[in-house]
Number of protein chains: 2
Amino acid sequence: MSSENTKEKILLSARKLFVEYGFAGTSMGQIAKLAQVNHSLIFHHFENKEKLWLAVKQSIVKEKNQQSKMLPSTDQPFYDFLYALVIKSIKFYRDHPDIMRMISWQRLERSHEEVISLTLSSETQSWINAFKHYQQCGEVNPQLKPEFIVVFVLSIVHVAASDHTVFTQTLANEDAYILFCVERIQKALG
Amino acid sequence: MSSENTKEKILLSARKLFVEYGFAGTSMGQIAKLAQVNHSLIFHHFENKEKLWLAVKQSIVKEKNQQSKMLPSTDQPFYDFLYALVIKSIKFYRDHPDIMRMISWQRLERSHEEVISLTLSSETQSWINAFKHYQQCGEVNPQLKPEFIVVFVLSIVHVAASDHTVFTQTLANEDAYILFCVERIQKALG
DNA sequence: GCATTAATTGACCAATCAGTCAATTTCAAC
DNA sequence: GTTGAAATTGACTGATTGGTCAATTAATGC
């Protein structure tokens, strides 16, 4: 069963390089070298570069869907729920940096392809339902559109998890910022 | 003075292609073709691909600093200030899509280079001062760290301006969402 | 053990890559 | 009008690109 093994090796090497350097920035030669397989083997197993890219993307989608950040219980007070949600989301992004990078590459250099949609929006619906629940409890302002709340919260979480270097070179005390976010979101939605 | 003209043509074509396809995804041949100049002329005017990239980046930084989104007056009530700030920022991003794309390319494929820092953080200080002012007025909670406020607001604005397709395929009524953001931020910071 | 299928190899391809260079043209100053 | 410098050209390079293909090797089913 060396076949599946090498195919896996190629896929892993391709993933490493694609995530790091993107589609255009990665060559088949580099992938072969990293995977320590013959150049032509890649084409035998994955037809061409496009297909290999899609295979890598699919493997990331799969990983994302498997280890999907489960929603915290909605039985607890809203603040606890929100805190757990934010922490869990940030941890998820931190633990799976490939996903965010792949999404970014896709948006920049492969925005035309929609065959496999690699987005963060797949779990939106369960988030919406959770917020609706807290609106019925009276812990969240019932006049607010749940869809807006989700985008609002996700924006903040997304930047907190990975992106804040865009806005400030250094953000002293990241943990304090996360706490800040949770408290401000609660206040905003209450 | 055809010289400066062709140099400008090359720079504009390079910018168009770099912004669209990134560094690795753009070839000198493509640039020459688009600029309708001889291939070798590019090297005469810009030495090599790296230098050309830096020149493009610098031209974008220049444009950004010139047409920098001025801070709204802090003489008005906080809500009006905040609303103007958000609208202005979003409009700025929408009117200058090259800037955001270039920042994204830089972060993905050229994270090593810091010669010219193309960031959104250059105006952070004036934002901080504005928020401090409203904290003294009592319109913004004085216990909140101004640095945190800036990152918090910028996260929301950034996504509202360009990014929300990451989270939801379609966000019905974007204007309503912007209003939603302003109101929620005000509540969060009050 | 034999036949069939799949995995693996290395040689090869045309196209494209960034970059060089000598020769020529253009232009401006005197 | 001559001269010197800069702009422009086209031919060229060696390396790399994605991809093919026939031949060889290894694994599998019977």
# chains A, B, ... in the order shown; residues from 1 in each chain; ligands from 1
>>> interface_residues(of="chain C", to="chain A", cutoff="8 Å", atoms="only C-alpha atoms (C1' of nucleotides)", output="PyMOL selection string")
chain C and resi 7-9
>>> write_last_selection(atoms="N, CA and C atoms (P, O5', C5', C4', C3', O3' and C1' of nucleotides)", output="PDB file, in the first residue's frame")
ATOM      1  P    DA C   7      -2.003   3.264  -8.454  1.00  0.00           P
ATOM      2  O5'  DA C   7      -0.411   3.152  -8.341  1.00  0.00           O
ATOM      3  C5'  DA C   7       0.134   2.198  -7.426  1.00  0.00           C
ATOM      4  C4'  DA C   7       1.655   2.256  -7.463  1.00  0.00           C
ATOM      5  C3'  DA C   7       2.258   3.653  -7.262  1.00  0.00           C
ATOM      6  O3'  DA C   7       3.396   3.515  -6.414  1.00  0.00           O
ATOM      7  C1'  DA C   7       2.993   2.748  -9.326  1.00  0.00           C
ATOM      8  P    DT C   8       4.142   4.790  -5.874  1.00  0.00           P
ATOM      9  O5'  DT C   8       5.321   4.927  -6.928  1.00  0.00           O
ATOM     10  C5'  DT C   8       6.228   3.825  -7.101  1.00  0.00           C
ATOM     11  C4'  DT C   8       7.197   4.096  -8.231  1.00  0.00           C
ATOM     12  C3'  DT C   8       7.816   5.499  -8.240  1.00  0.00           C
ATOM     13  O3'  DT C   8       9.186   5.374  -7.906  1.00  0.00           O
ATOM     14  C1'  DT C   8       7.267   4.716 -10.429  1.00  0.00           C
ATOM     15  P    DT C   9      10.112   6.636  -7.802  1.00  0.00           P
ATOM     16  O5'  DT C   9      10.796   6.678  -9.234  1.00  0.00           O
ATOM     17  C5'  DT C   9      11.535   5.534  -9.689  1.00  0.00           C
ATOM     18  C4'  DT C   9      11.910   5.705 -11.147  1.00  0.00           C
ATOM     19  C3'  DT C   9      12.641   7.009 -11.472  1.00  0.00           C
ATOM     20  O3'  DT C   9      14.015   6.737 -11.644  1.00  0.00           O
ATOM     21  C1'  DT C   9      11.015   6.392 -13.151  1.00  0.00           C
TER      22       DT C   9
END
>>> interface_residues(of="chain B", to="chain A", cutoff="8 Å", atoms="only C-alpha atoms", output="ChimeraX atom specification")
/B:20-22,24-25,101,104-105,108-109,119-121,124,148,151-152,154-156,159,164,166-169,177,180-181,184-189
>>> closest_residue(among="B:Leu11, B:Met28, B:Leu179, B:Leu34", to="C:DC17", atoms="only C-alpha atoms (C1' of nucleotides)")
B:Met28
>>> select_by_dssp(residues="stretch 76-142 of chain B", states="helix (DSSP H, G or I)", output="PyMOL selection string")
chain B and resi 78-95+97-109+121-137
>>> interface_residues(of="chain D", to="chain B", cutoff="8 Å", atoms="only C-alpha atoms (C1' of nucleotides)", output="list in words")
DA7, DT8 and DT9 of chain D
>>> write_last_selection(atoms="C-alpha atoms (C1' of nucleotides)", output="short mmCIF file (atom, residue, chain, number, x, y, z; two decimals), in the first residue's frame")
data_model
loop_
_atom_site.label_atom_id
_atom_site.label_comp_id
_atom_site.auth_asym_id
_atom_site.auth_seq_id
_atom_site.Cartn_x
_atom_site.Cartn_y
_atom_site.Cartn_z
"C1'" DA D 7 15.86 55.96 -24.12
"C1'" DT D 8 14.67 52.17 -26.82
"C1'" DT D 9 15.21 47.98 -29.38
#
>>> atom_distance(atom1="atom CA of A:Lys7", atom2="atom CA of A:Ile99")
21.1 Å
>>> atom_distance(atom1="atom CA of A:Gln106", atom2="atom CA of B:Ala14")
21.6 Å
>>> atom_distance(atom1="atom CA of B:Lys88", atom2="atom CA of B:Gln76")
15.4 Å
>>> residues_around(residues="stretch 13-28 of chain D", least_positions_apart="6", cutoff="9 Å", atoms="only C-alpha atoms (C1' of nucleotides)", output="list in words")
Met1, Ser27, Met28, Gly29, Ser40, Phe43, Asn48 and Lys49 of chain A; DT4, DT5, DA6, DA7, DT8, DT9, DC12, DC13, DA15, DT16, DC17, DG19 and DT20 of chain C
>>> residues_around(residues="stretch 139-143 of chain A", least_positions_apart="5", cutoff="9 Å", atoms="only C-alpha atoms (C1' of nucleotides)", output="list in words")
Pro77, Phe78, Tyr79, Phe131, Lys132, His133, Tyr134, Gln186, Leu189 and Gly190 of chain A
>>> write_last_selection(atoms="N, CA, C and O atoms", output="mmCIF file, in the first residue's frame")
data_model
loop_
_atom_site.group_PDB
_atom_site.id
_atom_site.type_symbol
_atom_site.label_atom_id
_atom_site.label_comp_id
_atom_site.auth_asym_id
_atom_site.auth_seq_id
_atom_site.Cartn_x
_atom_site.Cartn_y
_atom_site.Cartn_z
ATOM 1 N N PRO A 77 -26.005 31.674 31.113
ATOM 2 C CA PRO A 77 -26.281 33.099 30.882
ATOM 3 C C PRO A 77 -25.576 33.574 29.613
ATOM 4 O O PRO A 77 -24.555 33.007 29.221
ATOM 5 N N PHE A 78 -26.120 34.646 29.015
ATOM 6 C CA PHE A 78 -25.600 35.100 27.725
ATOM 7 C C PHE A 78 -24.128 35.457 27.786
ATOM 8 O O PHE A 78 -23.373 35.136 26.869
ATOM 9 N N TYR A 79 -23.726 36.083 28.892
ATOM 10 C CA TYR A 79 -22.325 36.474 28.982
ATOM 11 C C TYR A 79 -21.409 35.252 28.918
ATOM 12 O O TYR A 79 -20.409 35.243 28.210
ATOM 13 N N PHE A 131 -28.480 33.106 18.915
ATOM 14 C CA PHE A 131 -28.780 34.498 19.264
ATOM 15 C C PHE A 131 -30.291 34.721 19.367
ATOM 16 O O PHE A 131 -30.762 35.454 20.236
ATOM 17 N N LYS A 132 -31.031 34.074 18.507
ATOM 18 C CA LYS A 132 -32.497 34.171 18.593
ATOM 19 C C LYS A 132 -32.986 33.688 19.956
ATOM 20 O O LYS A 132 -33.883 34.275 20.563
ATOM 21 N N HIS A 133 -32.375 32.598 20.405
ATOM 22 C CA HIS A 133 -32.745 32.051 21.721
ATOM 23 C C HIS A 133 -32.544 33.093 22.815
ATOM 24 O O HIS A 133 -33.431 33.299 23.657
ATOM 25 N N TYR A 134 -31.412 33.775 22.789
ATOM 26 C CA TYR A 134 -31.144 34.767 23.836
ATOM 27 C C TYR A 134 -31.998 36.022 23.657
ATOM 28 O O TYR A 134 -32.215 36.768 24.605
ATOM 29 N N GLN A 186 -21.301 42.235 24.660
ATOM 30 C CA GLN A 186 -22.473 42.042 25.533
ATOM 31 C C GLN A 186 -23.235 43.341 25.722
ATOM 32 O O GLN A 186 -24.453 43.404 25.604
ATOM 33 N N LEU A 189 -25.163 44.414 22.583
ATOM 34 C CA LEU A 189 -26.336 43.617 22.204
ATOM 35 C C LEU A 189 -27.423 43.609 23.262
ATOM 36 O O LEU A 189 -28.537 43.149 22.997
ATOM 37 N N GLY A 190 -27.094 44.083 24.459
ATOM 38 C CA GLY A 190 -28.047 43.995 25.567
ATOM 39 C C GLY A 190 -29.214 44.952 25.461
ATOM 40 O O GLY A 190 -29.268 45.793 24.575
#
>>> decode(residues="chain D", atoms="C-alpha atoms (C1' of nucleotides)", output="mmCIF file, in the first residue's frame")
data_model
loop_
_atom_site.group_PDB
_atom_site.id
_atom_site.type_symbol
_atom_site.label_atom_id
_atom_site.label_comp_id
_atom_site.auth_asym_id
_atom_site.auth_seq_id
_atom_site.Cartn_x
_atom_site.Cartn_y
_atom_site.Cartn_z
ATOM 1 C "C1'" DG D 1 25.807 70.513 -36.514
ATOM 2 C "C1'" DT D 2 28.299 67.892 -33.179
ATOM 3 C "C1'" DT D 3 28.548 65.459 -29.024
ATOM 4 C "C1'" DG D 4 27.256 62.917 -25.025
ATOM 5 C "C1'" DA D 5 23.853 60.948 -22.422
ATOM 6 C "C1'" DA D 6 19.613 58.685 -21.980
ATOM 7 C "C1'" DA D 7 15.856 55.960 -24.121
ATOM 8 C "C1'" DT D 8 14.665 52.167 -26.824
ATOM 9 C "C1'" DT D 9 15.208 47.975 -29.376
ATOM 10 C "C1'" DG D 10 15.727 43.039 -30.405
ATOM 11 C "C1'" DA D 11 18.346 39.165 -29.993
ATOM 12 C "C1'" DC D 12 19.961 36.219 -26.569
ATOM 13 C "C1'" DT D 13 20.734 33.496 -22.140
ATOM 14 C "C1'" DG D 14 20.199 29.735 -18.709
ATOM 15 C "C1'" DA D 15 16.921 28.308 -15.506
ATOM 16 C "C1'" DT D 16 12.379 26.981 -14.500
ATOM 17 C "C1'" DT D 17 7.639 26.282 -15.643
ATOM 18 C "C1'" DG D 18 3.641 22.692 -16.170
ATOM 19 C "C1'" DG D 19 3.058 18.681 -18.538
ATOM 20 C "C1'" DT D 20 3.797 14.186 -21.585
ATOM 21 C "C1'" DC D 21 5.262 9.596 -22.511
ATOM 22 C "C1'" DA D 22 7.324 5.294 -23.119
ATOM 23 C "C1'" DA D 23 9.680 2.097 -20.373
ATOM 24 C "C1'" DT D 24 10.418 -0.198 -16.029
ATOM 25 C "C1'" DT D 25 9.177 -1.868 -11.559
ATOM 26 C "C1'" DA D 26 6.040 -3.451 -7.969
ATOM 27 C "C1'" DA D 27 1.775 -5.242 -6.335
ATOM 28 C "C1'" DT D 28 -2.468 -7.860 -7.022
ATOM 29 C "C1'" DG D 29 -5.819 -11.467 -8.326
ATOM 30 C "C1'" DC D 30 -6.231 -15.993 -10.030
#
